[in-house]
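Peer 1: Take a look at work_5.json, JSON, C-alpha atoms:
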```json
[["chain", "number", "residue", "atom", "x", "y", "z"],
["A", 114, "MET", "CA", 22.27, 105.68, 68.55],
["A", 115, "LEU", "CA", 25.31, 107.28, 70.16],
["A", 116, "LEU", "CA", 24.22, 106.03, 73.59],
["A", 117, "LEU", "CA", 23.88, 102.50, 72.17],
["A", 118, "CYS", "CA", 27.47, 102.73, 70.88],
["A", 119, "LEU", "CA", 28.79, 104.12, 74.19],
["A", 120, "PRO", "CA", 29.31, 100.74, 76.02],
["A", 121, "GLY", "CA", 31.29, 99.32, 73.11],
["A", 122, "PHE", "CA", 33.29, 102.53, 72.80],
["A", 123, "LEU", "CA", 34.13, 102.52, 76.52],
["A", 124, "TYR", "CA", 35.16, 98.86, 76.31],
["A", 125, "PHE", "CA", 37.74, 99.59, 73.62],
["A", 126, "VAL", "CA", 38.99, 102.71, 75.39],
["A", 127, "VAL", "CA", 39.45, 101.00, 78.78],
["A", 128, "PHE", "CA", 40.73, 97.61, 77.67],
["A", 129, "HIS", "CA", 42.51, 98.38, 74.38],
["A", 130, "TYR", "CA", 43.59, 102.02, 74.16],
["A", 131, "VAL", "CA", 44.50, 102.88, 77.76],
["A", 132, "PRO", "CA", 46.76, 99.77, 78.06],
["A", 133, "LEU", "CA", 48.77, 101.10, 75.10],
["A", 134, "LEU", "CA", 50.40, 103.48, 77.60],
["A", 135, "GLY", "CA", 52.08, 100.40, 79.06],
["A", 136, "TYR", "CA", 54.32, 100.22, 76.00],
["A", 137, "MET", "CA", 56.53, 102.83, 77.69],
["A", 138, "VAL", "CA", 57.92, 99.83, 79.63],
["A", 139, "ALA", "CA", 59.62, 98.76, 76.40],
["A", 140, "PHE", "CA", 61.86, 101.83, 76.70],
["A", 141, "GLN", "CA", 62.58, 101.48, 80.43],
["A", 142, "ASP", "CA", 64.54, 99.36, 82.85],
["A", 143, "TYR", "CA", 61.19, 98.74, 84.48],
["A", 144, "GLN", "CA", 61.05, 97.85, 88.16],
["A", 145, "PRO", "CA", 57.55, 97.05, 89.49],
["A", 146, "TYR", "CA", 58.21, 98.58, 92.91],
["A", 147, "LEU", "CA", 59.29, 101.86, 91.28],
["A", 148, "GLY", "CA", 56.45, 102.04, 88.74],
["A", 149, "TYR", "CA", 56.29, 103.76, 85.36],
["A", 150, "MET", "CA", 57.21, 107.21, 86.57],
["A", 151, "HIS", "CA", 60.36, 106.34, 88.49],
["A", 152, "SER", "CA", 61.91, 103.49, 86.47],
["A", 153, "ALA", "CA", 65.03, 104.44, 84.54],
["A", 154, "TRP", "CA", 64.76, 105.02, 80.80],
["A", 155, "SER", "CA", 66.89, 102.65, 78.71],
["A", 156, "GLY", "CA", 66.11, 103.73, 75.14],
["A", 157, "PHE", "CA", 66.14, 100.86, 72.66],
["A", 158, "THR", "CA", 68.18, 98.51, 74.88],
["A", 159, "ASN", "CA", 65.28, 96.11, 75.38],
["A", 160, "PHE", "CA", 64.74, 95.84, 71.63],
["A", 161, "THR", "CA", 68.47, 95.28, 71.08],
["A", 162, "ASN", "CA", 68.55, 92.53, 73.70],
["A", 163, "ALA", "CA", 65.52, 90.80, 72.18],
["A", 164, "PHE", "CA", 66.86, 90.96, 68.61],
["A", 165, "ALA", "CA", 70.25, 89.64, 69.78],
["A", 166, "ASP", "CA", 68.65, 86.61, 71.45],
["A", 167, "PRO", "CA", 68.62, 83.48, 69.21],
["A", 168, "ASP", "CA", 65.58, 82.23, 71.12],
["A", 169, "PHE", "CA", 63.62, 85.27, 69.92],
["A", 170, "TRP", "CA", 64.27, 84.46, 66.26],
["A", 171, "SER", "CA", 63.51, 80.78, 66.85],
["A", 172, "ALA", "CA", 60.20, 81.76, 68.46],
["A", 173, "THR", "CA", 59.47, 84.12, 65.56],
["A", 174, "GLY", "CA", 60.11, 81.37, 63.02],
["A", 175, "ASN", "CA", 57.89, 78.93, 64.90],
["A", 176, "THR", "CA", 55.16, 81.56, 65.18],
["A", 177, "LEU", "CA", 55.17, 82.29, 61.45],
["A", 178, "LYS", "CA", 55.20, 78.58, 60.58],
["A", 179, "ILE", "CA", 52.25, 77.82, 62.85],
["A", 180, "ALA", "CA", 50.35, 80.93, 61.70],
["A", 181, "LEU", "CA", 50.75, 80.08, 58.00],
["A", 182, "VAL", "CA", 49.66, 76.46, 58.53],
["A", 183, "GLN", "CA", 46.59, 77.63, 60.45],
["A", 184, "LEU", "CA", 45.79, 80.30, 57.86],
["A", 185, "VAL", "CA", 45.97, 77.83, 54.96],
["A", 186, "LEU", "CA", 44.17, 74.96, 56.69],
["A", 187, "PHE", "CA", 41.71, 76.69, 59.01],
["A", 188, "PHE", "CA", 40.56, 79.70, 56.99],
["A", 189, "PRO", "CA", 38.66, 77.69, 54.31],
["A", 190, "VAL", "CA", 37.02, 75.30, 56.81],
["A", 191, "PRO", "CA", 34.35, 77.68, 58.24],
["A", 192, "ILE", "CA", 33.51, 78.74, 54.68],
["A", 193, "GLY", "CA", 32.93, 75.18, 53.52],
["A", 194, "LEU", "CA", 31.04, 74.31, 56.69],
["A", 195, "ALA", "CA", 28.82, 77.38, 56.33],
["A", 196, "LEU", "CA", 28.02, 76.44, 52.73],
["A", 197, "LEU", "CA", 27.07, 72.92, 53.85],
["A", 198, "LEU", "CA", 24.88, 74.26, 56.66],
["A", 199, "ASN", "CA", 23.24, 76.71, 54.30],
["A", 200, "SER", "CA", 22.35, 73.87, 51.92],
["A", 201, "ILE", "CA", 20.32, 72.02, 54.58],
["A", 202, "VAL", "CA", 16.67, 72.45, 53.67],
["A", 203, "SER", "CA", 15.12, 71.71, 57.06],
["A", 204, "ASP", "CA", 15.38, 74.70, 59.43],
["A", 205, "LYS", "CA", 15.15, 72.48, 62.53],
["A", 206, "LEU", "CA", 17.91, 70.18, 61.31],
["A", 207, "ARG", "CA", 20.09, 73.16, 60.36],
["A", 208, "ARG", "CA", 19.68, 74.78, 63.79],
["A", 209, "PHE", "CA", 20.48, 71.47, 65.49],
["A", 210, "VAL", "CA", 23.66, 70.95, 63.44],
["A", 211, "GLN", "CA", 24.69, 74.57, 64.05],
["A", 212, "SER", "CA", 24.30, 74.12, 67.80],
["A", 213, "VAL", "CA", 26.40, 70.94, 67.70],
["A", 214, "VAL", "CA", 29.27, 72.50, 65.75],
["A", 215, "TYR", "CA", 29.21, 75.65, 67.94],
["A", 216, "LEU", "CA", 29.66, 73.73, 71.21],
["A", 217, "PRO", "CA", 33.43, 72.98, 70.97],
["A", 218, "HIS", "CA", 34.12, 76.74, 71.00],
["A", 219, "PHE", "CA", 33.01, 76.89, 74.63],
["A", 220, "ILE", "CA", 35.27, 74.04, 75.77],
["A", 221, "GLY", "CA", 38.51, 75.09, 77.47],
["A", 222, "TRP", "CA", 41.89, 74.28, 75.96],
["A", 223, "VAL", "CA", 42.78, 72.06, 78.90],
["A", 224, "ILE", "CA", 39.88, 69.75, 78.07],
["A", 225, "ILE", "CA", 40.59, 69.80, 74.33],
["A", 226, "VAL", "CA", 44.27, 68.98, 74.76],
["A", 227, "SER", "CA", 43.29, 66.14, 77.10],
["A", 228, "ILE", "CA", 40.87, 64.77, 74.50],
["A", 229, "PHE", "CA", 43.52, 64.87, 71.80],
["A", 230, "GLN", "CA", 45.97, 63.20, 74.18],
["A", 231, "GLN", "CA", 43.53, 60.34, 74.67],
["A", 232, "ILE", "CA", 43.11, 59.99, 70.90],
["A", 233, "LEU", "CA", 46.55, 60.77, 69.41],
["A", 234, "GLY", "CA", 48.87, 60.45, 72.43],
["A", 235, "GLY", "CA", 51.26, 57.57, 73.07],
["A", 236, "ALA", "CA", 48.64, 55.52, 74.92],
["A", 237, "GLY", "CA", 45.74, 56.83, 72.82],
["A", 238, "VAL", "CA", 43.27, 55.21, 70.47],
["A", 239, "VAL", "CA", 45.13, 55.88, 67.20],
["A", 240, "PRO", "CA", 48.52, 54.39, 68.28],
["A", 241, "ASP", "CA", 46.68, 51.33, 69.62],
["A", 242, "LEU", "CA", 44.84, 50.97, 66.32],
["A", 243, "LEU", "CA", 48.10, 51.29, 64.36],
["A", 244, "GLU", "CA", 49.68, 48.60, 66.49],
["A", 245, "THR", "CA", 46.64, 46.34, 66.03],
["A", 246, "ILE", "CA", 46.90, 46.44, 62.23],
["A", 247, "GLY", "CA", 50.66, 45.80, 62.35],
["A", 248, "LEU", "CA", 52.00, 49.33, 61.93],
["A", 249, "PRO", "CA", 54.45, 51.05, 64.30],
["A", 250, "ARG", "CA", 52.95, 53.18, 67.05],
["A", 251, "TYR", "CA", 53.02, 56.92, 66.39],
["A", 252, "ASP", "CA", 52.64, 59.60, 69.04],
["A", 253, "MET", "CA", 51.66, 62.79, 67.24],
["A", 254, "MET", "CA", 51.48, 64.73, 70.50],
["A", 255, "THR", "CA", 55.26, 64.54, 70.98],
["A", 256, "ASP", "CA", 56.38, 64.91, 67.35],
["A", 257, "PRO", "CA", 58.01, 68.34, 66.84],
["A", 258, "ASN", "CA", 57.60, 68.14, 63.04],
["A", 259, "ALA", "CA", 53.85, 67.52, 63.34],
["A", 260, "PHE", "CA", 53.28, 70.19, 65.99],
["A", 261, "PRO", "CA", 52.01, 72.98, 63.63],
["A", 262, "TRP", "CA", 49.62, 70.53, 61.98],
["A", 263, "LEU", "CA", 48.42, 69.28, 65.37],
["A", 264, "LEU", "CA", 47.65, 72.85, 66.48],
["A", 265, "ALA", "CA", 45.77, 73.55, 63.25],
["A", 266, "LEU", "CA", 43.74, 70.36, 63.70],
["A", 267, "GLN", "CA", 42.82, 71.37, 67.25],
["A", 268, "VAL", "CA", 41.82, 74.88, 66.18],
["A", 269, "MET", "CA", 39.68, 73.50, 63.37],
["A", 270, "TRP", "CA", 37.88, 71.14, 65.73],
["A", 271, "LYS", "CA", 37.32, 73.87, 68.32],
["A", 272, "ASP", "CA", 36.49, 76.97, 66.30],
["A", 273, "ALA", "CA", 35.35, 75.91, 62.81],
["A", 274, "GLY", "CA", 31.71, 75.94, 63.87],
["A", 275, "TRP", "CA", 32.01, 79.30, 65.60],
["A", 276, "GLY", "CA", 33.66, 80.77, 62.52],
["A", 277, "THR", "CA", 30.61, 79.97, 60.42],
["A", 278, "ILE", "CA", 28.49, 82.64, 62.15],
["A", 279, "ILE", "CA", 29.76, 85.55, 60.04],
["A", 280, "ILE", "CA", 29.78, 83.46, 56.84],
["A", 281, "LEU", "CA", 26.19, 82.35, 57.36],
["A", 282, "ALA", "CA", 25.14, 85.95, 57.98],
["A", 283, "ALA", "CA", 26.81, 86.95, 54.71],
["A", 284, "LEU", "CA", 25.08, 84.11, 52.86],
["A", 285, "LEU", "CA", 21.69, 85.23, 54.16],
["A", 286, "SER", "CA", 22.34, 88.76, 52.92],
["A", 287, "ILE", "CA", 22.70, 87.59, 49.30],
["A", 288, "ASP", "CA", 19.56, 88.38, 47.29],
["A", 289, "ARG", "CA", 17.63, 85.15, 46.61],
["A", 290, "GLY", "CA", 16.45, 86.68, 43.35],
["A", 291, "LEU", "CA", 19.97, 86.42, 41.96],
["A", 292, "TYR", "CA", 19.88, 82.63, 42.39],
["A", 293, "GLU", "CA", 16.47, 82.44, 40.73],
["A", 294, "ALA", "CA", 17.60, 84.60, 37.82],
["A", 295, "ALA", "CA", 20.75, 82.53, 37.36],
["A", 296, "ALA", "CA", 18.74, 79.30, 37.45],
["A", 297, "MET", "CA", 16.30, 80.65, 34.84],
["A", 298, "ASP", "CA", 19.29, 81.49, 32.62],
["A", 299, "GLY", "CA", 20.37, 77.85, 32.83],
["A", 300, "ALA", "CA", 23.15, 78.18, 35.41],
["A", 301, "ALA", "CA", 23.79, 74.92, 37.25],
["A", 302, "ARG", "CA", 24.64, 74.78, 40.96],
["A", 303, "ARG", "CA", 28.37, 75.13, 40.34],
["A", 304, "ARG", "CA", 27.91, 78.22, 38.16],
["A", 305, "ARG", "CA", 25.54, 79.77, 40.71],
["A", 306, "PHE", "CA", 28.25, 79.28, 43.33],
["A", 307, "TRP", "CA", 30.97, 80.93, 41.23],
["A", 308, "HIS", "CA", 28.86, 83.79, 39.87],
["A", 309, "VAL", "CA", 26.46, 84.51, 42.75],
["A", 310, "THR", "CA", 27.62, 83.02, 46.07],
["A", 311, "LEU", "CA", 31.34, 83.73, 45.79],
["A", 312, "PRO", "CA", 30.96, 87.39, 44.69],
["A", 313, "GLY", "CA", 28.43, 87.88, 47.50],
["A", 314, "LEU", "CA", 30.84, 86.45, 50.06],
["A", 315, "SER", "CA", 34.00, 88.13, 48.75],
["A", 316, "PRO", "CA", 33.72, 91.38, 50.82],
["A", 317, "VAL", "CA", 33.34, 89.40, 54.05],
["A", 318, "LEU", "CA", 36.11, 86.96, 53.11],
["A", 319, "VAL", "CA", 38.50, 89.81, 52.33],
["A", 320, "LEU", "CA", 37.64, 91.47, 55.64],
["A", 321, "LEU", "CA", 38.26, 88.25, 57.61],
["A", 322, "LEU", "CA", 41.52, 87.60, 55.78],
["A", 323, "ILE", "CA", 42.81, 91.09, 56.58],
["A", 324, "LEU", "CA", 41.89, 90.70, 60.26],
["A", 325, "ASN", "CA", 43.58, 87.29, 60.37],
["A", 326, "LEU", "CA", 46.75, 88.83, 58.93],
["A", 327, "GLY", "CA", 46.68, 91.39, 61.74],
["A", 328, "ASN", "CA", 46.77, 88.54, 64.28],
["A", 329, "ILE", "CA", 49.28, 86.41, 62.39],
["A", 330, "LEU", "CA", 51.82, 86.64, 65.23],
["A", 331, "THR", "CA", 49.25, 85.57, 67.83],
["A", 332, "VAL", "CA", 48.74, 81.83, 67.52],
["A", 333, "GLY", "CA", 47.20, 80.87, 70.86],
["A", 334, "PHE", "CA", 49.08, 81.21, 74.14],
["A", 335, "GLU", "CA", 47.15, 78.76, 76.33],
["A", 336, "GLN", "CA", 46.90, 76.06, 73.66],
["A", 337, "ILE", "CA", 50.65, 76.10, 73.00],
["A", 338, "LEU", "CA", 51.70, 76.50, 76.64],
["A", 339, "LEU", "CA", 49.86, 73.29, 77.52],
["A", 340, "GLN", "CA", 51.78, 71.33, 74.86],
["A", 341, "ARG", "CA", 55.13, 73.13, 74.69],
["A", 342, "ASP", "CA", 57.00, 70.77, 76.99],
["A", 343, "ALA", "CA", 55.81, 67.70, 75.06],
["A", 344, "VAL", "CA", 57.58, 68.78, 71.84],
["A", 345, "GLY", "CA", 60.32, 70.93, 73.37],
["A", 346, "ALA", "CA", 61.04, 74.64, 73.18],
["A", 347, "GLY", "CA", 62.73, 74.24, 69.78],
["A", 348, "ALA", "CA", 59.38, 73.52, 68.13],
["A", 349, "GLY", "CA", 56.89, 74.77, 70.73],
["A", 350, "GLU", "CA", 58.28, 78.20, 71.61],
["A", 351, "VAL", "CA", 56.31, 81.04, 70.00],
["A", 352, "LEU", "CA", 56.40, 84.77, 70.65],
["A", 353, "ASP", "CA", 53.64, 84.63, 73.27],
["A", 354, "THR", "CA", 55.39, 81.90, 75.27],
["A", 355, "TYR", "CA", 58.72, 83.68, 74.76],
["A", 356, "VAL", "CA", 57.23, 86.77, 76.40],
["A", 357, "TYR", "CA", 55.96, 84.65, 79.27],
["A", 358, "PHE", "CA", 59.13, 82.67, 79.98],
["A", 359, "HIS", "CA", 61.84, 85.19, 79.03],
["A", 360, "GLY", "CA", 59.96, 88.32, 79.99],
["A", 361, "ILE", "CA", 57.44, 87.89, 82.77],
["A", 362, "LYS", "CA", 58.74, 84.74, 84.47],
["A", 363, "ASP", "CA", 62.36, 85.99, 84.41],
["A", 364, "ASN", "CA", 61.26, 89.52, 85.44],
["A", 365, "GLN", "CA", 62.52, 91.03, 82.16],
["A", 366, "TRP", "CA", 59.53, 93.32, 81.86],
["A", 367, "GLY", "CA", 61.14, 95.64, 79.34],
["A", 368, "THR", "CA", 61.98, 92.76, 76.99],
["A", 369, "ALA", "CA", 58.43, 91.41, 77.25],
["A", 370, "ALA", "CA", 56.98, 94.82, 76.42],
["A", 371, "ALA", "CA", 59.43, 95.30, 73.53],
["A", 372, "VAL", "CA", 58.44, 91.98, 71.93],
["A", 373, "GLY", "CA", 54.77, 92.81, 72.43],
["A", 374, "MET", "CA", 55.28, 96.17, 70.75],
["A", 375, "VAL", "CA", 57.04, 94.55, 67.80],
["A", 376, "LYS", "CA", 54.05, 92.22, 67.39],
["A", 377, "ALA", "CA", 51.64, 95.15, 67.51],
["A", 378, "VAL", "CA", 53.59, 97.19, 64.94],
["A", 379, "ILE", "CA", 53.90, 94.26, 62.52],
["A", 380, "GLY", "CA", 50.18, 93.45, 62.88],
["A", 381, "THR", "CA", 49.25, 97.09, 62.21],
["A", 382, "VAL", "CA", 51.48, 97.29, 59.14],
["A", 383, "LEU", "CA", 50.00, 94.05, 57.76],
["A", 384, "VAL", "CA", 46.42, 95.24, 58.27],
["A", 385, "ILE", "CA", 47.06, 98.63, 56.64],
["A", 386, "GLY", "CA", 49.02, 97.09, 53.77],
["A", 387, "ALA", "CA", 46.47, 94.34, 53.12],
["A", 388, "ASN", "CA", 43.65, 96.88, 53.31],
["A", 389, "LYS", "CA", 45.30, 99.11, 50.71],
["A", 390, "PHE", "CA", 45.81, 96.08, 48.48],
["A", 391, "ALA", "CA", 42.11, 95.22, 48.90],
["A", 392, "HIS", "CA", 41.23, 98.77, 47.79],
["A", 393, "ARG", "CA", 43.25, 98.25, 44.61],
["A", 394, "LEU", "CA", 41.23, 95.10, 43.92],
["A", 395, "GLY", "CA", 38.00, 97.05, 44.34],
["A", 396, "HIS", "CA", 37.07, 95.82, 47.84],
["A", 397, "GLU", "CA", 36.24, 98.00, 50.81],
["A", 398, "GLY", "CA", 38.37, 96.02, 53.28],
["A", 399, "VAL", "CA", 38.37, 96.98, 56.95],
["A", 400, "TYR", "CA", 37.77, 100.67, 56.23],
["A", 401, "ARG", "CA", 37.20, 102.77, 53.16],
["A", 402, "GLY", "CA", 40.00, 104.58, 51.46],
["A", 403, "ALA", "CA", 40.01, 108.37, 51.45],
["A", 404, "ASP", "CA", 39.29, 108.39, 47.70],
["A", 405, "ARG", "CA", 36.22, 106.12, 47.92]]
```
What is this file in structure tokens?
Peer 2:
Amino acid sequence: MLLLCLPGFLYFVVFHYVPLLGYMVAFQDYQPYLGYMHSAWSGFTNFTNAFADPDFWSATGNTLKIALVQLVLFFPVPIGLALLLNSIVSDKLRRFVQSVVYLPHFIGWVIIVSIFQQILGGAGVVPDLLETIGLPRYDMMTDPNAFPWLLALQVMWKDAGWGTIIILAALLSIDRGLYEAAAMDGAARRRRFWHVTLPGLSPVLVLLLILNLGNILTVGFEQILLQRDAVGAGAGEVLDTYVYFHGIKDNQWGTAAAVGMVKAVIGTVLVIGANKFAHRLGHEGVYRGADR
């Protein structure tokens, strides 16, 4: 069993834990040609510069706005879709529908943004339809106010099907006998959902919610980078693109590392805090508490 776990363990060590050493750049005036060992230490100067930059706070606000919209709109969609798939009686039909809704996950963001441009863009199908029925044309792809909603719509179309995998697995783990017992006691479909399905799904839903909170400051670099110029930096700049433009592209490596470290610390605090709150509600969360 330990040998079976070894590849996964090595993956996390090499690609997740060893790169944490790179956070020392956040405390240096890092110069690539000097490397980690010979770059001058600058203390908290990089953090001070980032916090004093109005663009950083603008990017933080945009990130939180987009993350909250995606959390509210996207999180329930895989759950509802999984419940619908689980209600299909025919196994062949269910597998076919699952395959169809999984496919968008494997399409690159460049293709997806192009599809949405053809549908919602200035010369797309929807503006043409609005003009045909006598309404003014509307280009959602260039509307800064609609940008968070546009991103959430794209994420739902791309990843809703993929997100049903864990939910469907949780549904299959619920004892069928509980449904039969509830039905014999006179519980209708709605009551079986509230008293059997929802309690059976609650541990998985709490786990997914905690993990989503940990990534709340990561809202999709490639997706936003492709559309940032269309709405402007005021609405399209998020922390990931801020790191790219103000840190890497401008050779401010220390600032980029400092912002990345802030994201990591906030994500860790949110996961630990949400997990402790889940323990108080009687759920196991991501990991068990020491008293459980």
Peer 1: Which polymer residues, protein or nucleic acid, are no farther than 9 Å from (48.9, 87.6, 60.2), counting all atoms listed in the file, as a PyMOL selection string?
Peer 2: chain A and resi 177+180-181+184+322-331+379-380+383-384
Peer 1: Quick one: what's the axis-aligned box for region 198-204 of chain A, all listed atoms, 6 Å on every side, centre and edges in Å to one decimal, as JSON?
Peer 2:
```
{"center_x": 20.0, "center_y": 74.2, "center_z": 55.7, "size_x": 21.8, "size_y": 17.0, "size_z": 19.5}
```
Peer 1: Ranking A:Met254, A:Gly135, A:Leu338, A:Ala295 by minimum distance to Gly148 (chain A) and counting only C-alpha atoms, which one comes first?
Peer 2: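 When distances to Gly148 (chain A) are compared using only C-alpha atoms, the smallest one comes from A:Gly135.
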Peer 1: So how far away is CA of Gly347 (chain A) from CA of Trp170 (chain A), in Å?
Peer 2: 10.9 Å
Peer 1: So, counting all atoms listed in the file, which residue among A:Val319, A:Val190, A:Val213, A:Leu196 is closest to Gly276 (chain A)?
Peer 2: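 Among the listed residues, A:Val190 lies closest to Gly276 (chain A).
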Peer 1: Calculated over all atoms listed in the file, which of the candidates A:Thr277, A:Asn364, A:Asn159, A:Thr176 has the smallest distance to Tyr136 (chain A)?
Peer 2: A:Asn159
Peer 1: Name all residues at most 12 Å from region 301-311 of chain A (count all atoms listed in the file; drop same-chain ones fewer than 2 positions away) and give them as a PyMOL selection string.
Peer 2: chain A and resi 192-193+195-196+199-200+280-281+283-299+313-319
Peer 1: What does the distance between CA of Leu320 (chain A) and CA of Thr381 (chain A) come to in Å, to one decimal place?
Peer 2: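 These two atoms are separated by 14.5 Å.
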Peer 1: One number please: CA of Leu216 (chain A) to CA of Tyr251 (chain A), in Å, one decimal.
Peer 2: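 About the pair CA of Leu216 (chain A) and CA of Tyr251 (chain A): they are 29.2 Å apart.
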Peer 1: Identify the residues around (60.5, 95.3, 86.1) within a radius of 12 Å, measuring from all atoms listed in the file in the coordinates stated by the file, and give them as a PDB file with C-alpha atoms, keeping the file's coordinate frame.
Peer 2:
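Wrote it out as part.pdb, contents follow:
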```pdb
ATOM      1  CA  MET A 137      56.530 102.830  77.690  1.00  0.00           C
ATOM      2  CA  VAL A 138      57.920  99.830  79.630  1.00  0.00           C
ATOM      3  CA  ALA A 139      59.620  98.760  76.400  1.00  0.00           C
ATOM      4  CA  PHE A 140      61.860 101.830  76.700  1.00  0.00           C
ATOM      5  CA  GLN A 141      62.580 101.480  80.430  1.00  0.00           C
ATOM      6  CA  ASP A 142      64.540  99.360  82.850  1.00  0.00           C
ATOM      7  CA  TYR A 143      61.190  98.740  84.480  1.00  0.00           C
ATOM      8  CA  GLN A 144      61.050  97.850  88.160  1.00  0.00           C
ATOM      9  CA  PRO A 145      57.550  97.050  89.490  1.00  0.00           C
ATOM     10  CA  TYR A 146      58.210  98.580  92.910  1.00  0.00           C
ATOM     11  CA  LEU A 147      59.290 101.860  91.280  1.00  0.00           C
ATOM     12  CA  GLY A 148      56.450 102.040  88.740  1.00  0.00           C
ATOM     13  CA  TYR A 149      56.290 103.760  85.360  1.00  0.00           C
ATOM     14  CA  HIS A 151      60.360 106.340  88.490  1.00  0.00           C
ATOM     15  CA  SER A 152      61.910 103.490  86.470  1.00  0.00           C
ATOM     16  CA  ALA A 153      65.030 104.440  84.540  1.00  0.00           C
ATOM     17  CA  TRP A 154      64.760 105.020  80.800  1.00  0.00           C
ATOM     18  CA  ASN A 159      65.280  96.110  75.380  1.00  0.00           C
ATOM     19  CA  GLY A 360      59.960  88.320  79.990  1.00  0.00           C
ATOM     20  CA  ILE A 361      57.440  87.890  82.770  1.00  0.00           C
ATOM     21  CA  LYS A 362      58.740  84.740  84.470  1.00  0.00           C
ATOM     22  CA  ASP A 363      62.360  85.990  84.410  1.00  0.00           C
ATOM     23  CA  ASN A 364      61.260  89.520  85.440  1.00  0.00           C
ATOM     24  CA  GLN A 365      62.520  91.030  82.160  1.00  0.00           C
ATOM     25  CA  TRP A 366      59.530  93.320  81.860  1.00  0.00           C
ATOM     26  CA  GLY A 367      61.140  95.640  79.340  1.00  0.00           C
ATOM     27  CA  THR A 368      61.980  92.760  76.990  1.00  0.00           C
ATOM     28  CA  ALA A 369      58.430  91.410  77.250  1.00  0.00           C
ATOM     29  CA  ALA A 370      56.980  94.820  76.420  1.00  0.00           C
TER      30      ALA A 370
END
```
Peer 1: Looking at A:Thr158, A:Gln336, A:Gln211, A:Gln267, which one is nearest to Leu186 (chain A), with distances taken over all atoms listed in the file?
Peer 2: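 Under the stated criterion, the closest residue is A:Gln267.
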Peer 1: Please list as an mmCIF file with C-alpha atoms, in the coordinates of the input every residue within 12 Å of region 230-246 of chain A, counting all atoms listed in the file and excluding residues in the same chain fewer than 4 positions away.
Peer 2:
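Here's the written file out.cif:
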```
data_model
loop_
_atom_site.group_PDB
_atom_site.id
_atom_site.type_symbol
_atom_site.label_atom_id
_atom_site.label_comp_id
_atom_site.auth_asym_id
_atom_site.auth_seq_id
_atom_site.Cartn_x
_atom_site.Cartn_y
_atom_site.Cartn_z
ATOM 1 C CA TRP A 222 41.890 74.280 75.960
ATOM 2 C CA VAL A 223 42.780 72.060 78.900
ATOM 3 C CA ILE A 224 39.880 69.750 78.070
ATOM 4 C CA ILE A 225 40.590 69.800 74.330
ATOM 5 C CA VAL A 226 44.270 68.980 74.760
ATOM 6 C CA ARG A 250 52.950 53.180 67.050
ATOM 7 C CA TYR A 251 53.020 56.920 66.390
ATOM 8 C CA ASP A 252 52.640 59.600 69.040
ATOM 9 C CA MET A 253 51.660 62.790 67.240
ATOM 10 C CA MET A 254 51.480 64.730 70.500
ATOM 11 C CA THR A 255 55.260 64.540 70.980
ATOM 12 C CA ASP A 256 56.380 64.910 67.350
ATOM 13 C CA ALA A 259 53.850 67.520 63.340
ATOM 14 C CA LEU A 263 48.420 69.280 65.370
ATOM 15 C CA LEU A 266 43.740 70.360 63.700
ATOM 16 C CA GLN A 267 42.820 71.370 67.250
ATOM 17 C CA LEU A 339 49.860 73.290 77.520
ATOM 18 C CA GLN A 340 51.780 71.330 74.860
ATOM 19 C CA ALA A 343 55.810 67.700 75.060
#
```
Peer 1: Considering all atoms listed in the file, can you say which of A:Pro167, A:His396, A:Met374, A:Phe390 comes closest to Leu134 (chain A)?
Peer 2: A:Met374
